[in-house]
>>> print(open('my_file.cif').read())   # mmCIF, C-alpha atoms
data_protein
loop_
_atom_site.label_atom_id
_atom_site.label_comp_id
_atom_site.auth_asym_id
_atom_site.auth_seq_id
_atom_site.Cartn_x
_atom_site.Cartn_y
_atom_site.Cartn_z
CA MET A 861 128.34 94.17 81.13
CA ASP A 862 124.64 93.41 81.02
CA LEU A 863 122.59 96.51 80.10
CA LYS A 864 120.36 96.00 83.12
CA GLU A 865 123.37 96.24 85.41
CA MET A 866 124.29 99.57 83.88
CA GLN A 867 120.95 101.19 84.59
CA HIS A 868 120.46 103.58 87.46
CA SER A 869 118.51 102.42 90.48
CA PHE A 870 117.13 105.85 91.34
CA VAL A 871 116.19 109.13 89.68
CA ALA A 872 116.13 112.58 91.28
CA TYR A 873 114.43 115.62 89.76
CA ILE A 874 115.38 119.07 91.03
CA ASP A 875 113.61 122.41 90.78
CA GLU A 876 113.67 125.62 92.78
CA SER A 877 111.41 128.39 93.99
CA GLY A 878 112.84 131.86 94.38
CA ASP A 879 116.12 133.18 93.05
CA ASP A 880 119.71 133.55 94.21
CA GLY A 881 119.87 137.34 93.99
CA PHE A 882 120.69 139.68 96.87
CA LYS A 883 119.66 143.05 95.40
CA ARG A 884 116.64 144.83 96.89
CA PHE A 885 114.66 142.10 98.56
CA ARG A 886 111.06 142.03 97.47
CA GLN A 887 108.47 143.17 100.01
CA PRO A 888 104.90 141.77 100.03
CA GLY A 889 102.97 143.31 97.16
CA ASP A 890 106.08 144.49 95.34
CA ARG A 891 107.04 143.62 91.81
CA GLY A 892 110.65 142.98 90.89
CA GLY A 893 113.51 142.64 93.32
CA SER A 894 114.90 139.43 94.77
CA SER A 895 113.05 136.80 96.74
CA LYS A 896 113.93 136.61 100.43
CA TRP A 897 114.12 132.83 100.24
CA LEU A 898 115.60 130.28 97.86
CA ILE A 899 114.18 126.77 98.07
CA ILE A 900 115.74 123.95 96.06
CA SER A 901 113.85 120.66 96.19
CA ALA A 902 114.16 117.16 94.81
CA CYS A 903 111.69 114.36 94.29
CA VAL A 904 113.47 111.01 94.35
CA PHE A 905 112.08 107.63 93.37
CA ARG A 906 113.04 104.27 91.94
CA LYS A 907 113.91 104.39 88.27
CA THR A 908 111.39 101.63 87.65
CA HIS A 909 108.67 104.22 88.37
CA SER A 910 109.89 106.63 85.69
CA LEU A 911 107.13 105.91 83.19
CA GLU A 912 104.51 105.93 85.92
CA ALA A 913 105.45 109.50 86.83
CA VAL A 914 103.79 110.77 83.67
CA GLY A 915 100.63 109.04 84.81
CA TRP A 916 100.94 110.66 88.24
CA ARG A 917 101.02 114.09 86.62
CA ASP A 918 98.20 113.25 84.22
CA GLY A 919 96.10 111.88 87.07
CA ILE A 920 96.42 115.21 88.86
CA SER A 921 95.50 117.12 85.72
CA ASN A 922 92.46 114.92 85.18
CA ARG A 923 91.14 116.05 88.55
CA MET A 924 91.17 119.63 87.30
CA PRO A 925 89.23 119.46 83.99
CA GLU A 926 88.78 123.22 84.04
CA ARG A 927 92.47 123.56 83.13
CA LYS A 928 93.25 123.36 79.41
CA SER A 929 96.84 122.15 79.83
CA ARG A 930 98.22 119.03 81.46
CA ILE A 931 101.42 120.91 82.31
CA LEU A 932 101.52 121.72 86.02
CA HIS A 933 103.04 124.95 87.24
CA PHE A 934 102.27 125.31 90.93
CA ALA A 935 102.44 129.11 90.97
CA GLU A 936 99.64 129.33 88.40
CA LEU A 937 97.16 127.26 90.42
CA ASN A 938 94.60 128.50 92.92
CA HIS A 939 94.61 127.35 96.54
CA ASN A 940 92.17 124.46 96.06
CA GLN A 941 94.06 123.18 93.02
CA LYS A 942 97.33 123.33 94.95
CA LEU A 943 95.79 121.18 97.69
CA VAL A 944 94.77 118.60 95.09
CA VAL A 945 98.32 118.53 93.70
CA VAL A 946 100.10 118.00 97.02
CA GLN A 947 97.51 115.49 98.25
CA ASP A 948 98.14 113.39 95.16
CA ILE A 949 101.93 113.71 95.37
CA ALA A 950 101.83 112.64 99.02
CA SER A 951 100.21 109.35 97.94
CA ARG A 952 102.98 108.41 95.49
CA PRO A 953 106.07 106.19 96.04
CA LEU A 954 108.59 109.01 96.15
CA ARG A 955 110.57 111.04 98.67
CA ALA A 956 110.91 114.81 98.91
CA ILE A 957 113.97 116.74 100.06
CA SER A 958 114.17 120.53 100.37
CA ILE A 959 117.03 122.92 101.09
CA ILE A 960 115.76 126.28 102.32
CA ALA A 961 118.02 129.34 102.23
CA ALA A 962 117.01 132.49 104.07
CA LYS A 963 118.90 135.12 102.10
CA GLU A 964 118.34 138.23 104.23
CA PRO A 965 120.69 137.14 107.07
CA ILE A 966 123.45 136.25 104.58
CA PRO A 967 125.98 139.09 104.04
CA ASP A 968 125.95 140.09 100.38
CA SER A 969 129.73 139.68 100.34
CA VAL A 970 129.53 135.90 100.87
CA TYR A 971 128.03 134.65 97.60
CA THR A 972 129.43 137.01 95.00
CA GLU A 973 130.01 134.70 92.04
CA LYS A 974 127.37 133.67 89.52
CA ASN A 975 125.29 130.69 90.74
CA GLN A 976 127.47 130.40 93.86
CA LEU A 977 124.56 130.26 96.31
CA TYR A 978 122.64 127.88 94.06
CA PHE A 979 125.63 125.53 93.75
CA TYR A 980 126.27 125.58 97.49
CA MET A 981 122.66 124.81 98.39
CA THR A 982 122.53 122.09 95.75
CA ARG A 983 125.56 120.52 97.40
CA TYR A 984 123.47 120.10 100.55
CA LEU A 985 120.68 118.67 98.43
CA SER A 986 123.07 116.22 96.74
CA GLU A 987 124.27 115.05 100.16
CA ARG A 988 120.76 114.17 101.20
CA ILE A 989 119.88 112.56 97.88
CA SER A 990 122.96 110.36 98.27
CA TRP A 991 122.05 109.39 101.84
CA LEU A 992 118.52 108.49 100.81
CA CYS A 993 119.69 106.32 97.91
CA ARG A 994 122.29 104.64 100.11
CA ASP A 995 119.62 103.90 102.72
CA MET A 996 117.17 102.56 100.13
CA ARG A 997 119.64 100.35 98.28
CA PRO A 998 119.00 97.22 100.42
CA ILE A 999 115.35 97.17 99.30
CA VAL A 1000 116.00 98.34 95.73
CA PRO A 1001 117.98 95.50 94.14
CA GLU A 1002 117.54 96.55 90.52
CA GLY A 1003 120.10 98.73 88.75
CA ASN A 1004 123.61 99.75 89.72
CA GLY A 1005 122.76 101.57 92.96
CA LYS A 1006 123.33 105.00 91.45
CA VAL A 1007 121.02 107.96 90.97
CA ALA A 1008 120.49 109.95 87.78
CA ILE A 1009 119.95 113.64 88.59
CA THR A 1010 117.92 115.90 86.31
CA PHE A 1011 117.52 119.65 86.86
CA SER A 1012 114.77 121.90 85.64
CA ARG A 1013 116.65 124.10 83.21
CA ARG A 1014 117.09 127.64 84.49
CA GLY A 1015 118.41 130.70 82.68
CA GLY A 1016 122.04 131.59 83.23
CA MET A 1017 122.89 128.18 84.69
CA SER A 1018 125.74 126.14 83.19
CA TYR A 1019 125.25 122.48 83.97
CA SER A 1020 128.73 121.63 82.70
CA ASP A 1021 130.01 124.08 85.34
CA PHE A 1022 127.91 122.28 87.95
CA LYS A 1023 129.38 118.94 86.91
CA SER A 1024 132.87 120.44 87.28
CA TYR A 1025 131.87 121.77 90.71
CA MET A 1026 130.78 118.28 91.75
CA GLN A 1027 134.02 116.79 90.45
CA LYS A 1028 135.99 119.29 92.54
CA LEU A 1029 133.96 118.38 95.62
CA LYS A 1030 134.58 114.70 94.98
CA ALA A 1031 138.32 115.23 94.62
CA SER A 1032 138.59 117.45 97.68
CA GLU A 1033 139.47 116.26 101.16
CA ASP A 1034 137.03 118.66 102.80
CA GLN A 1035 135.43 116.76 105.68
CA ASP A 1036 132.42 119.08 105.54
CA VAL A 1037 131.43 117.54 102.19
CA ARG A 1038 129.38 114.52 103.17
CA ILE A 1039 128.11 113.31 99.82
CA HIS A 1040 128.06 109.51 99.55
CA TRP A 1041 129.84 109.46 96.21
CA PRO A 1042 129.31 105.78 95.25
CA VAL A 1043 125.66 106.54 94.42
CA ILE A 1044 126.18 109.84 92.56
CA ASP A 1045 126.66 109.57 88.78
CA ILE A 1046 128.12 112.97 87.94
CA ASP A 1047 128.37 112.23 84.22
CA SER A 1048 124.62 111.62 83.96
CA ILE A 1049 123.62 114.99 85.47
CA ASP A 1050 121.24 116.61 83.01
CA ALA A 1051 118.81 119.50 82.58
CA GLN A 1052 115.45 119.49 80.84
CA ASP A 1053 112.65 121.97 80.29
CA HIS A 1054 109.97 122.07 82.99
CA LYS A 1055 107.09 121.80 80.54
CA ALA A 1056 108.52 118.69 78.86
CA ASN A 1057 109.07 116.59 81.98
CA ALA A 1058 106.27 115.48 84.32
CA SER A 1059 108.70 114.61 87.13
CA LEU A 1060 110.15 118.11 87.09
CA GLN A 1061 106.63 119.45 87.47
CA ILE A 1062 106.30 117.36 90.63
CA ALA A 1063 109.61 118.75 91.90
CA ASP A 1064 108.32 122.27 91.17
CA ALA A 1065 105.24 121.58 93.29
CA ILE A 1066 107.40 120.41 96.19
CA ALA A 1067 109.71 123.45 96.04
CA SER A 1068 106.78 125.84 95.71
CA SER A 1069 104.96 124.18 98.61
CA PHE A 1070 107.89 124.77 100.93
CA ALA A 1071 108.37 128.29 99.60
CA ALA A 1072 104.74 129.09 100.45
CA GLY A 1073 105.51 128.35 104.09
CA PHE A 1074 108.34 130.89 104.24
CA GLU A 1075 108.04 133.49 101.45
CA PRO A 1076 105.13 135.86 102.24
CA ASP A 1077 102.55 136.35 99.50
CA ARG A 1078 101.39 139.76 98.27
CA TYR A 1079 99.33 140.18 101.45
CA GLY A 1080 102.19 139.23 103.78
CA ASN A 1081 100.85 135.76 104.56
CA CYS A 1082 102.62 132.40 104.52
CA GLU A 1083 100.86 129.08 103.86
CA SER A 1084 102.28 125.98 105.56
CA ARG A 1085 99.47 123.59 104.70
CA TYR A 1086 100.96 122.43 101.39
CA ALA A 1087 104.24 121.38 103.01
CA GLN A 1088 102.37 119.80 105.91
CA ILE A 1089 100.49 117.55 103.48
CA LEU A 1090 103.83 116.48 101.98
CA LYS A 1091 105.27 115.51 105.37
CA PRO A 1092 104.56 111.75 104.95
CA ILE A 1093 106.86 111.58 101.92
CA THR A 1094 109.57 113.92 103.24
CA PHE A 1095 112.89 112.16 103.90
CA HIS A 1096 113.64 111.59 107.59
CA ARG A 1097 115.38 109.18 109.93
CA ASN A 1098 113.51 108.32 113.11
CA LYS A 1099 111.37 111.47 112.67
CA ASN A 1100 114.47 113.65 112.35
CA TYR A 1101 113.55 115.90 109.43
CA PHE A 1102 115.89 118.86 109.91
CA SER A 1103 119.04 116.81 109.27
CA TYR A 1104 117.61 115.02 106.26
CA GLY A 1105 114.54 116.02 104.25
CA VAL A 1106 114.43 119.64 105.42
CA LYS A 1107 117.56 121.75 105.83
CA ILE A 1108 117.43 125.46 106.61
CA VAL A 1109 120.42 127.74 106.01
CA PRO A 1110 121.35 129.43 108.27
CA LYS A 1111 119.86 127.56 111.23
CA HIS A 1112 116.32 128.68 111.95
CA GLU A 1113 117.35 129.93 115.39
CA GLU A 1114 119.50 132.53 113.63
CA ILE A 1115 116.69 133.88 111.44
CA ALA A 1116 114.11 136.50 112.39
CA LEU A 1117 110.89 134.60 111.66
CA ASN A 1118 107.31 135.78 111.99
CA GLU A 1119 104.59 133.75 113.69
CA GLN A 1120 103.46 132.01 110.50
CA GLN A 1121 107.02 131.06 109.57
CA LEU A 1122 107.56 129.69 113.07
CA GLN A 1123 104.51 127.48 112.53
CA MET A 1124 106.25 126.12 109.45
CA ILE A 1125 109.32 125.34 111.56
CA GLY A 1126 107.14 123.60 114.09
CA LEU A 1127 105.94 121.10 111.49
CA TRP A 1128 109.39 119.51 111.35
CA LYS A 1129 110.44 119.48 115.01
#
>>> encode(input="my_file.cif", output="structure tokens")
Amino acid sequence: MDLKEMQHSFVAYIDESGDDGFKRFRQPGDRGGSSKWLIISACVFRKTHSLEAVGWRDGISNRMPERKSRILHFAELNHNQKLVVVQDIASRPLRAISIIAAKEPIPDSVYTEKNQLYFYMTRYLSERISWLCRDMRPIVPEGNGKVAITFSRRGGMSYSDFKSYMQKLKASEDQDVRIHWPVIDIDSIDAQDHKANASLQIADAIASSFAAGFEPDRYGNCESRYAQILKPITFHRNKNYFSYGVKIVPKHEEIALNEQQLQMIGLWK
């Protein structure tokens, strides 16, 4: 087989904001405890753009000469720098997908195994990555139609276990699993360090942007502007965002949201 035919057509980079713990939810201003929200996001683009992604990250860094490092970590930036980051990302040929889990309404007896919540939310993310790649295939002729998925390495996470989880989903007859398997290359699933991969730094910015709209800061405020700027590149079909590029678990109608969080919901209706 020709090497070109064996190459992936798409790449997806995944990072998260928050944690999957359920012990003592953190209140605004607190230190320690668990986040109230877990956001897992992906940036997806054509594999032919892979080398350009380093330039995207470097272009952002060049706009902030006061920073000594090119490595982007959204949480370490000030508000104005964060705006620069998302404005630049929104101009790039990529798509963003975010799965948003509100943990407070979830009984602590539901996700009791290690990484169980993370795996389950990443299943939803994988579904939407697969739908996007399937939809884009007619205009992306290069490669084999599949997507290579790379995670930002996180402590305590076994990526071989995640591959096994995906294999079990693929072999199951569960009709609730709606992953379009022909585009998912389970064997190529990988994890890399955030600081060593520019595309993972972009995924971090996407996840953190959505987290800012739901997870209150130390003063109890949420900031929806970052996610709003990313709306043009967020996956949708006919302006339907909630079924595609933005999924909230449980449904937002079942969550007690404050006024600022409701504004975040309103962005996607």
>>> resolve_selection(input="my_file.cif", expression="the PyMOL selection byres ((chain A and resi 875-885) around 8)", output="list of chain:residue names")
A:Tyr873, A:Ile874, A:Arg886, A:Gln887, A:Gly893, A:Ser894, A:Ser895, A:Lys896, A:Trp897, A:Leu898, A:Ile899, A:Ile900, A:Ser901, A:Ala902, A:Lys963, A:Glu964, A:Asp968, A:Asn975, A:Leu977, A:Tyr978, A:Phe1011, A:Ser1012, A:Leu1060, A:Ala1063, A:Asp1064, A:Ala1067, A:Ser1068, A:Ala1071
>>> write_last_selection(input="my_file.cif", atoms="C-alpha atoms", output="CSV table (one decimal), in the coordinates of the input")
chain,number,residue,atom,x,y,z
A,873,TYR,CA,114.4,115.6,89.8
A,874,ILE,CA,115.4,119.1,91.0
A,886,ARG,CA,111.1,142.0,97.5
A,887,GLN,CA,108.5,143.2,100.0
A,893,GLY,CA,113.5,142.6,93.3
A,894,SER,CA,114.9,139.4,94.8
A,895,SER,CA,113.0,136.8,96.7
A,896,LYS,CA,113.9,136.6,100.4
A,897,TRP,CA,114.1,132.8,100.2
A,898,LEU,CA,115.6,130.3,97.9
A,899,ILE,CA,114.2,126.8,98.1
A,900,ILE,CA,115.7,124.0,96.1
A,901,SER,CA,113.8,120.7,96.2
A,902,ALA,CA,114.2,117.2,94.8
A,963,LYS,CA,118.9,135.1,102.1
A,964,GLU,CA,118.3,138.2,104.2
A,968,ASP,CA,126.0,140.1,100.4
A,975,ASN,CA,125.3,130.7,90.7
A,977,LEU,CA,124.6,130.3,96.3
A,978,TYR,CA,122.6,127.9,94.1
A,1011,PHE,CA,117.5,119.6,86.9
A,1012,SER,CA,114.8,121.9,85.6
A,1060,LEU,CA,110.2,118.1,87.1
A,1063,ALA,CA,109.6,118.8,91.9
A,1064,ASP,CA,108.3,122.3,91.2
A,1067,ALA,CA,109.7,123.4,96.0
A,1068,SER,CA,106.8,125.8,95.7
A,1071,ALA,CA,108.4,128.3,99.6
>>> atom_distance(input="my_file.cif", atom1="atom CA of A:Ile1046", atom2="atom CA of A:Tyr1101")
26.1 Å
>>> closest_residue(input="my_file.cif", among="A:Ile966, A:Ile1062, A:Ile1093, A:Ile959", to="A:Trp916", atoms="only C-alpha atoms")
A:Ile1062
>>> resolve_selection(input="my_file.cif", expression="the PyMOL selection byres ((chain A and resi 985-997) around 9)", output="compact mmCIF listing (two decimals) with C-alpha atoms, in the frame of the given file")
# COMPACT_ATOMS: atom_id res chain seq x y z
CA SER A 869 118.51 102.42 90.48
CA PHE A 870 117.13 105.85 91.34
CA ALA A 872 116.13 112.58 91.28
CA ILE A 900 115.74 123.95 96.06
CA SER A 901 113.85 120.66 96.19
CA ALA A 902 114.16 117.16 94.81
CA VAL A 904 113.47 111.01 94.35
CA PHE A 905 112.08 107.63 93.37
CA ARG A 955 110.57 111.04 98.67
CA ILE A 957 113.97 116.74 100.06
CA SER A 958 114.17 120.53 100.37
CA ILE A 959 117.03 122.92 101.09
CA TYR A 980 126.27 125.58 97.49
CA MET A 981 122.66 124.81 98.39
CA THR A 982 122.53 122.09 95.75
CA ARG A 983 125.56 120.52 97.40
CA TYR A 984 123.47 120.10 100.55
CA PRO A 998 119.00 97.22 100.42
CA ILE A 999 115.35 97.17 99.30
CA VAL A 1000 116.00 98.34 95.73
CA PRO A 1001 117.98 95.50 94.14
CA GLU A 1002 117.54 96.55 90.52
CA GLY A 1005 122.76 101.57 92.96
CA LYS A 1006 123.33 105.00 91.45
CA VAL A 1007 121.02 107.96 90.97
CA VAL A 1037 131.43 117.54 102.19
CA ARG A 1038 129.38 114.52 103.17
CA ILE A 1039 128.11 113.31 99.82
CA HIS A 1040 128.06 109.51 99.55
CA TRP A 1041 129.84 109.46 96.21
CA PRO A 1042 129.31 105.78 95.25
CA VAL A 1043 125.66 106.54 94.42
CA ILE A 1044 126.18 109.84 92.56
CA PHE A 1095 112.89 112.16 103.90
CA HIS A 1096 113.64 111.59 107.59
CA SER A 1103 119.04 116.81 109.27
CA TYR A 1104 117.61 115.02 106.26
CA GLY A 1105 114.54 116.02 104.25
CA LYS A 1107 117.56 121.75 105.83
>>> atom_distance(input="my_file.cif", atom1="atom CA of A:Val945", atom2="atom CA of A:Gly1016")
29.0 Å
>>> resolve_selection(input="my_file.cif", expression="the PyMOL selection byres ((chain A and resi 1051-1053) around 7)", output="PDB file with C-alpha atoms, in the frame of the given file")
ATOM      1  CA  THR A1010     117.920 115.900  86.310  1.00  0.00           C
ATOM      2  CA  PHE A1011     117.520 119.650  86.860  1.00  0.00           C
ATOM      3  CA  SER A1012     114.770 121.900  85.640  1.00  0.00           C
ATOM      4  CA  ARG A1013     116.650 124.100  83.210  1.00  0.00           C
ATOM      5  CA  ASP A1050     121.240 116.610  83.010  1.00  0.00           C
ATOM      6  CA  HIS A1054     109.970 122.070  82.990  1.00  0.00           C
ATOM      7  CA  LYS A1055     107.090 121.800  80.540  1.00  0.00           C
ATOM      8  CA  ALA A1056     108.520 118.690  78.860  1.00  0.00           C
ATOM      9  CA  ASN A1057     109.070 116.590  81.980  1.00  0.00           C
TER      10      ASN A1057
END
>>> closest_residue(input="my_file.cif", among="A:Gln976, A:Ser1020, A:Gln947, A:Ser910", to="A:Ser1048", atoms="all atoms listed in the file")
A:Ser1020
>>> atom_distance(input="my_file.cif", atom1="atom CA of A:Glu936", atom2="atom CA of A:Ile1089")
19.2 Å
>>> residues_around(input="my_file.cif", residues="A:Tyr1086", least_positions_apart="4", cutoff="12 Å", atoms="only C-alpha atoms", output="VMD selection string")
chain A and resid 934 939 to 950 1065 to 1074 1082 1090 to 1092 1124 1127
>>> axis_aligned_box(input="my_file.cif", around="stretch 1089-1099 of chain A", padding_each_side="6 Å", output="JSON")
{"center_x": 107.9, "center_y": 112.9, "center_z": 107.5, "size_x": 26.9, "size_y": 21.2, "size_z": 23.2}
>>> closest_residue(input="my_file.cif", among="A:Lys1030, A:Arg952, A:Arg1097, A:Lys974", to="A:Ala913", atoms="all atoms listed in the file")
A:Arg952
>>> closest_residue(input="my_file.cif", among="A:Phe979, A:Ala1031, A:Leu954, A:Ala961", to="A:Met1017", atoms="all atoms listed in the file")
A:Phe979
>>> decode(input="my_file.cif", residues="stretch 887-942 of chain A", atoms="C-alpha atoms", output="mmCIF file, in the first residue's frame")
data_model
loop_
_atom_site.group_PDB
_atom_site.id
_atom_site.type_symbol
_atom_site.label_atom_id
_atom_site.label_comp_id
_atom_site.auth_asym_id
_atom_site.auth_seq_id
_atom_site.Cartn_x
_atom_site.Cartn_y
_atom_site.Cartn_z
ATOM 1 C CA GLN A 887 -15.969 27.006 46.566
ATOM 2 C CA PRO A 888 -14.841 30.355 45.067
ATOM 3 C CA GLY A 889 -11.660 31.454 46.795
ATOM 4 C CA ASP A 890 -10.920 28.019 48.225
ATOM 5 C CA ARG A 891 -7.767 26.031 47.695
ATOM 6 C CA GLY A 892 -7.891 22.286 47.241
ATOM 7 C CA GLY A 893 -11.016 20.235 46.771
ATOM 8 C CA SER A 894 -12.554 19.154 43.482
ATOM 9 C CA SER A 895 -13.690 21.347 40.637
ATOM 10 C CA LYS A 896 -17.453 21.561 40.148
ATOM 11 C CA TRP A 897 -17.038 21.120 36.405
ATOM 12 C CA LEU A 898 -15.003 18.891 34.120
ATOM 13 C CA ILE A 899 -14.527 20.130 30.568
ATOM 14 C CA ILE A 900 -12.846 17.910 27.981
ATOM 15 C CA SER A 901 -12.164 19.578 24.638
ATOM 16 C CA ALA A 902 -10.676 18.707 21.288
ATOM 17 C CA CYS A 903 -9.242 20.764 18.469
ATOM 18 C CA VAL A 904 -9.567 18.905 15.177
ATOM 19 C CA PHE A 905 -7.967 19.779 11.864
ATOM 20 C CA ARG A 906 -6.629 18.271 8.668
ATOM 21 C CA LYS A 907 -3.391 16.387 9.136
ATOM 22 C CA THR A 908 -1.848 18.478 6.373
ATOM 23 C CA HIS A 909 -1.942 21.417 8.814
ATOM 24 C CA SER A 910 0.072 19.605 11.487
ATOM 25 C CA LEU A 911 3.316 21.486 10.914
ATOM 26 C CA GLU A 912 1.474 24.786 10.620
ATOM 27 C CA ALA A 913 0.052 24.331 14.122
ATOM 28 C CA VAL A 914 3.462 25.077 15.619
ATOM 29 C CA GLY A 915 3.421 28.338 13.706
ATOM 30 C CA TRP A 916 -0.060 29.108 15.023
ATOM 31 C CA ARG A 917 1.195 28.747 18.587
ATOM 32 C CA ASP A 918 4.370 30.708 17.884
ATOM 33 C CA GLY A 919 2.372 33.469 16.209
ATOM 34 C CA ILE A 920 0.314 33.850 19.371
ATOM 35 C CA SER A 921 3.435 33.925 21.528
ATOM 36 C CA ASN A 922 5.005 36.565 19.298
ATOM 37 C CA ARG A 923 2.081 38.855 20.084
ATOM 38 C CA MET A 924 2.994 38.656 23.768
ATOM 39 C CA PRO A 925 6.725 39.545 23.829
ATOM 40 C CA GLU A 926 6.520 40.191 27.565
ATOM 41 C CA ARG A 927 6.294 36.417 28.084
ATOM 42 C CA LYS A 928 9.621 34.588 28.234
ATOM 43 C CA SER A 929 8.274 31.217 27.095
ATOM 44 C CA ARG A 930 6.551 30.206 23.878
ATOM 45 C CA ILE A 931 4.668 27.483 25.763
ATOM 46 C CA LEU A 932 1.039 28.503 26.244
ATOM 47 C CA HIS A 933 -0.812 27.562 29.395
ATOM 48 C CA PHE A 934 -4.130 29.384 29.410
ATOM 49 C CA ALA A 935 -4.519 29.429 33.197
ATOM 50 C CA GLU A 936 -1.267 31.377 33.566
ATOM 51 C CA LEU A 937 -2.312 34.220 31.249
ATOM 52 C CA ASN A 938 -4.043 37.452 32.191
ATOM 53 C CA HIS A 939 -7.412 38.430 30.725
ATOM 54 C CA ASN A 940 -6.025 40.469 27.822
ATOM 55 C CA GLN A 941 -3.578 37.723 26.876
ATOM 56 C CA LYS A 942 -6.384 35.160 26.945
#
